[in-house]
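S.K.: The structure is given below, and queries will be raised subsequently.
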Amino acid sequence: MNWHWRIDVLYAMELLFAAAILFLILLYTQMPMLVLLTFLILLVIAIPYWYLKRVSNSIHLANPEQQLKLFTNGDDTMYFTLENSSRLPVFSGKMEFSVENCVTFENLKQEGETKKIKQYSFRFNLSGKEKAQFPVDVSGLKRGVGRMNAINITIRDLLGVGTLHLKYDPFFRSEVIVFPELRTVGGLYQLKKFEQGAQPMQFSLFEDLTASIGSRDYAPGDPFNRIHWKASAKSTQLQTKQFEKTTGMEWMFVLHLSRDRMDLSNRSEDLEKNINSIAYMCKYATTHGIPYSIYTNIKVRGKDFIMQLKSGEGRDQLSKSLELLARIKFNSITVSQEMLLAYVDRVLFRPPVIILCNCGYQKEEVRYYQKWEKKGAALFGIEHKGEASYIVSGTRKRKGIS
């Protein structure tokens, strides 16, 4: 059974007490009308209870892994699927549930609201042996993940005397993911590293020998193996192959959630700015073919230890990164900043461009930063000023470059 159920019959105790009194009177008077009246009272209690008990074993709620992914102010449709396996119809059903306030359901009745949760409901009818889908229109309000909780169904009998209360026990696997907004970050042209790689660049010391872009006149000192023989034959002059200039480029975002609970509103606002900035940079990296990874100090179960996204590129990587950023909560369980940096240090095989977000600059942290720079990593930070965000170079806070 997926439901905890309870049946309430209106005035059941009062009617049973009245039936008991009539039965005692019947023992002394033996009036036939009292027999009929007692029988009718018992039917008023028994029939609704029997009907609702049968229905309680026949209502099934489909629980697929359903994921809707939205941006803020985006909308989509999700479905609740209910099945009645009994031949008895459901005359008057009502389904209620709670969801995080990062989303809103446009075509449902809102029953209540707290600081973080909203309650919604909708009514339904089901014929015998019927399976039906009930569409609901979902809109994203702000970054986060909306999960349906506290799912309850109430069903009344045809006369409205009895009520069946069903509470759904399993974890409901459908969720609505609202991606973060994209906050423009200035100065991204600084995020470069000059080493062998595959990222096209106008000026670089390195070339991709598999990407020929033409030829030019031979010059003294050009390697013999770069002579373009076909072009030389056509032009009757020696020609040298030209290759695309490239550089190594990989970004790593290191996001630290502070455990300091002082001035929560400002810290929450700073977190949103950092997340929105990272989201913008992830989209920029996807557009320009730059691989990137994300590491946070949010503790998770399993071998990964902390919430992270390993290095990758392309649209699939962008979708994963936006989903990870959507799942970050300000009150998440975290590990210390030193443990975060120590973990990053262990996985830092090829020194990338590292973007530090809300990371400290105390002695212990700076020790890691200097170690990474010696390995060849390029370190940057993000600075926020009002509605603008900028890349800050180096491990010290400097004025943003637009």
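In the structure tokens, chains take letters A, B, ... by order of appearance, with residues numbered from 1 within each chain and ligands from 1 in the order shown.
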Would you list, as an MDAnalysis selection string, the residues of segment 303-377 of chain A that end up in alpha helix (DSSP H) under DSSP run on this structure's backbone?
M.R.: chainID A and resid 315:327 337:347 363:375
S.K.: Counting only C-alpha atoms, what is within 10 Å of Asn274 of chain A, bar same-chain residues fewer than 4 positions away, as a ChimeraX atom specification?
M.R.: /A:183,255-256,268-270,278-280,325,356-358,382-384,389
S.K.: Go ahead and save the picked residues with N, CA and C atoms, as a PDB file, in the first residue's frame.
M.R.:
ATOM      1  N   ARG A 183      23.693  36.377 -15.143  1.00  0.00           N
ATOM      2  CA  ARG A 183      24.182  37.702 -14.760  1.00  0.00           C
ATOM      3  C   ARG A 183      25.458  37.991 -15.544  1.00  0.00           C
ATOM      4  N   LEU A 255      33.322  27.391  -5.786  1.00  0.00           N
ATOM      5  CA  LEU A 255      32.307  28.180  -5.078  1.00  0.00           C
ATOM      6  C   LEU A 255      32.261  27.762  -3.621  1.00  0.00           C
ATOM      7  N   HIS A 256      32.462  28.735  -2.747  1.00  0.00           N
ATOM      8  CA  HIS A 256      32.448  28.476  -1.304  1.00  0.00           C
ATOM      9  C   HIS A 256      31.205  29.086  -0.679  1.00  0.00           C
ATOM     10  N   SER A 268      22.962  35.640   1.446  1.00  0.00           N
ATOM     11  CA  SER A 268      22.112  34.955   0.481  1.00  0.00           C
ATOM     12  C   SER A 268      22.096  35.696  -0.850  1.00  0.00           C
ATOM     13  N   GLU A 269      22.061  37.023  -0.781  1.00  0.00           N
ATOM     14  CA  GLU A 269      22.082  37.830  -2.015  1.00  0.00           C
ATOM     15  C   GLU A 269      23.410  37.661  -2.754  1.00  0.00           C
ATOM     16  N   ASP A 270      24.524  37.637  -2.010  1.00  0.00           N
ATOM     17  CA  ASP A 270      25.841  37.434  -2.637  1.00  0.00           C
ATOM     18  C   ASP A 270      25.917  36.064  -3.288  1.00  0.00           C
ATOM     19  N   ILE A 278      28.212  32.583 -12.439  1.00  0.00           N
ATOM     20  CA  ILE A 278      28.755  31.311 -12.916  1.00  0.00           C
ATOM     21  C   ILE A 278      27.897  30.763 -14.051  1.00  0.00           C
ATOM     22  N   ALA A 279      26.573  30.888 -13.928  1.00  0.00           N
ATOM     23  CA  ALA A 279      25.676  30.411 -14.985  1.00  0.00           C
ATOM     24  C   ALA A 279      25.965  31.129 -16.304  1.00  0.00           C
ATOM     25  N   TYR A 280      26.175  32.437 -16.231  1.00  0.00           N
ATOM     26  CA  TYR A 280      26.487  33.208 -17.451  1.00  0.00           C
ATOM     27  C   TYR A 280      27.813  32.734 -18.058  1.00  0.00           C
ATOM     28  N   LEU A 325      23.680  24.216 -10.298  1.00  0.00           N
ATOM     29  CA  LEU A 325      23.545  25.540  -9.692  1.00  0.00           C
ATOM     30  C   LEU A 325      22.137  25.759  -9.148  1.00  0.00           C
ATOM     31  N   LEU A 356      37.710  31.807  -8.473  1.00  0.00           N
ATOM     32  CA  LEU A 356      37.357  31.662  -7.063  1.00  0.00           C
ATOM     33  C   LEU A 356      36.139  32.524  -6.752  1.00  0.00           C
ATOM     34  N   CYS A 357      35.110  31.924  -6.152  1.00  0.00           N
ATOM     35  CA  CYS A 357      33.873  32.627  -5.820  1.00  0.00           C
ATOM     36  C   CYS A 357      33.637  32.558  -4.317  1.00  0.00           C
ATOM     37  N   ASN A 358      33.703  33.704  -3.672  1.00  0.00           N
ATOM     38  CA  ASN A 358      33.476  33.822  -2.236  1.00  0.00           C
ATOM     39  C   ASN A 358      34.513  33.047  -1.429  1.00  0.00           C
ATOM     40  N   ILE A 382      35.604  36.938  -8.887  1.00  0.00           N
ATOM     41  CA  ILE A 382      34.467  37.713  -9.392  1.00  0.00           C
ATOM     42  C   ILE A 382      34.112  38.763  -8.357  1.00  0.00           C
ATOM     43  N   GLU A 383      33.998  39.990  -8.815  1.00  0.00           N
ATOM     44  CA  GLU A 383      33.628  41.090  -7.930  1.00  0.00           C
ATOM     45  C   GLU A 383      32.292  41.667  -8.387  1.00  0.00           C
ATOM     46  N   HIS A 384      31.404  41.945  -7.420  1.00  0.00           N
ATOM     47  CA  HIS A 384      30.079  42.471  -7.728  1.00  0.00           C
ATOM     48  C   HIS A 384      29.972  43.915  -7.238  1.00  0.00           C
ATOM     49  N   SER A 389      28.968  42.829 -12.577  1.00  0.00           N
ATOM     50  CA  SER A 389      29.962  41.868 -12.073  1.00  0.00           C
ATOM     51  C   SER A 389      31.168  41.886 -12.992  1.00  0.00           C
TER      52      SER A 389
END
S.K.: Have a look at atom CA of Arg143 of chain A and atom CA of Asn63 of chain A and let me know their distance in Å, one decimal.
M.R.: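 Separation of atom CA of Arg143 of chain A and atom CA of Asn63 of chain A: 24.2 Å.
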S.K.: Give me the residues near Pro351 of chain A as a list in words, where near means some atom within 8 Å (using only C-alpha atoms) and where sequence neighbours in that chain fewer than 4 positions away do not count.
M.R.: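 Returned residues: Trp372, Lys375, Gly376, Ala377 and Ala378 of chain A.
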S.K.: Could you save those same residues with N, CA and C atoms as a PDB file, in the first residue's frame?
M.R.:
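And here's part-v4.pdb as it stands now:
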ATOM      1  N   TRP A 372      49.008  26.461  -6.506  1.00  0.00           N
ATOM      2  CA  TRP A 372      48.397  26.268  -7.824  1.00  0.00           C
ATOM      3  C   TRP A 372      49.059  27.155  -8.876  1.00  0.00           C
ATOM      4  N   LYS A 375      52.143  25.663 -10.097  1.00  0.00           N
ATOM      5  CA  LYS A 375      51.873  24.571 -11.041  1.00  0.00           C
ATOM      6  C   LYS A 375      51.516  25.088 -12.430  1.00  0.00           C
ATOM      7  N   GLY A 376      51.196  26.385 -12.530  1.00  0.00           N
ATOM      8  CA  GLY A 376      50.847  26.953 -13.820  1.00  0.00           C
ATOM      9  C   GLY A 376      49.412  27.386 -13.956  1.00  0.00           C
ATOM     10  N   ALA A 377      48.620  27.293 -12.870  1.00  0.00           N
ATOM     11  CA  ALA A 377      47.224  27.721 -12.935  1.00  0.00           C
ATOM     12  C   ALA A 377      47.134  29.242 -12.942  1.00  0.00           C
ATOM     13  N   ALA A 378      46.107  29.760 -13.599  1.00  0.00           N
ATOM     14  CA  ALA A 378      45.827  31.193 -13.594  1.00  0.00           C
ATOM     15  C   ALA A 378      44.608  31.432 -12.719  1.00  0.00           C
TER      16      ALA A 378
END
S.K.: If we count only C-alpha atoms and set the cut-off at 7 Å, which residues sit around Asn152 of chain A, ignoring sequence neighbours fewer than 5 positions away in its own chain? Please answer as JSON, numbers by chain.
M.R.: {"A": [95, 96, 97, 166, 167, 168]}
S.K.: Considering only C-alpha atoms, can you say which of A:Gly162, A:Gly289, A:Gly386, A:Gly302 comes closest to Ile7 of chain A?
M.R.: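 The shortest atom-to-atom distance to Ile7 of chain A comes from A:Gly162.
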S.K.: Can you pull out the residues contacting segment 155-160 of chain A? Cut-off 6 Å, using only C-alpha atoms, and skip same-chain residues under 2 positions away; I want them as a list in words.
M.R.: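 Using only C-alpha atoms, the neighbours found are Ser92, Gly93, Gly162, Thr163 and Leu164 of chain A.
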S.K.: Please save C-alpha atoms of the selected residues as an mmCIF file, in the first residue's frame.
M.R.:
data_model
loop_
_atom_site.group_PDB
_atom_site.id
_atom_site.type_symbol
_atom_site.label_atom_id
_atom_site.label_comp_id
_atom_site.auth_asym_id
_atom_site.auth_seq_id
_atom_site.Cartn_x
_atom_site.Cartn_y
_atom_site.Cartn_z
ATOM 1 C CA SER A 92 -15.808 13.776 -5.537
ATOM 2 C CA GLY A 93 -12.019 13.681 -5.140
ATOM 3 C CA GLY A 162 -18.345 9.814 4.667
ATOM 4 C CA THR A 163 -14.854 11.094 3.838
ATOM 5 C CA LEU A 164 -11.787 9.053 2.901
#
S.K.: Would you mind reading off the distance between atom CA of Phe380 of chain A and atom CA of Lys299 of chain A, one decimal, in Å?
M.R.: 24.3 Å
S.K.: Can you tell me which residues surround Val145 of chain A at a distance of at most 9 Å, considering only C-alpha atoms, apart from same-chain residues fewer than 2 positions away, and format the answer as a PyMOL selection string?
M.R.: chain A and resi 100+102-103+143+147+175-179+323+326-327
S.K.: Selection from above, N, CA and C atoms, as an mmCIF file, in the first residue's frame, can you write it?
M.R.:
data_model
loop_
_atom_site.group_PDB
_atom_site.id
_atom_site.type_symbol
_atom_site.label_atom_id
_atom_site.label_comp_id
_atom_site.auth_asym_id
_atom_site.auth_seq_id
_atom_site.Cartn_x
_atom_site.Cartn_y
_atom_site.Cartn_z
ATOM 1 N N GLU A 100 7.955 23.760 -3.061
ATOM 2 C CA GLU A 100 8.781 24.921 -2.753
ATOM 3 C C GLU A 100 8.298 26.133 -3.564
ATOM 4 N N CYS A 102 9.676 28.265 -5.302
ATOM 5 C CA CYS A 102 10.410 28.699 -6.489
ATOM 6 C C CYS A 102 9.571 28.523 -7.750
ATOM 7 N N VAL A 103 8.427 27.838 -7.621
ATOM 8 C CA VAL A 103 7.539 27.639 -8.765
ATOM 9 C C VAL A 103 6.118 28.010 -8.369
ATOM 10 N N ARG A 143 15.309 30.794 -8.925
ATOM 11 C CA ARG A 143 16.198 29.629 -8.944
ATOM 12 C C ARG A 143 15.858 28.657 -7.817
ATOM 13 N N ARG A 147 9.825 20.370 -5.470
ATOM 14 C CA ARG A 147 9.423 18.967 -5.312
ATOM 15 C C ARG A 147 8.062 18.911 -4.640
ATOM 16 N N GLU A 175 9.870 16.512 -10.295
ATOM 17 C CA GLU A 175 10.399 17.768 -9.777
ATOM 18 C C GLU A 175 10.493 18.792 -10.894
ATOM 19 N N VAL A 176 10.493 20.053 -10.482
ATOM 20 C CA VAL A 176 10.621 21.163 -11.423
ATOM 21 C C VAL A 176 11.903 21.911 -11.077
ATOM 22 N N ILE A 177 12.825 21.983 -12.029
ATOM 23 C CA ILE A 177 14.113 22.639 -11.822
ATOM 24 C C ILE A 177 14.067 24.011 -12.493
ATOM 25 N N VAL A 178 14.273 25.051 -11.708
ATOM 26 C CA VAL A 178 14.299 26.414 -12.243
ATOM 27 C C VAL A 178 15.754 26.864 -12.296
ATOM 28 N N PHE A 179 16.266 27.059 -13.508
ATOM 29 C CA PHE A 179 17.654 27.442 -13.694
ATOM 30 C C PHE A 179 17.901 28.868 -13.198
ATOM 31 N N GLU A 323 21.670 22.767 -13.815
ATOM 32 C CA GLU A 323 20.926 21.972 -12.835
ATOM 33 C C GLU A 323 21.650 21.946 -11.493
ATOM 34 N N ALA A 326 21.124 25.186 -9.807
ATOM 35 C CA ALA A 326 19.748 25.321 -9.329
ATOM 36 C C ALA A 326 19.549 24.595 -8.002
ATOM 37 N N ARG A 327 20.296 23.527 -7.777
ATOM 38 C CA ARG A 327 20.114 22.705 -6.569
ATOM 39 C C ARG A 327 20.850 23.248 -5.349
#
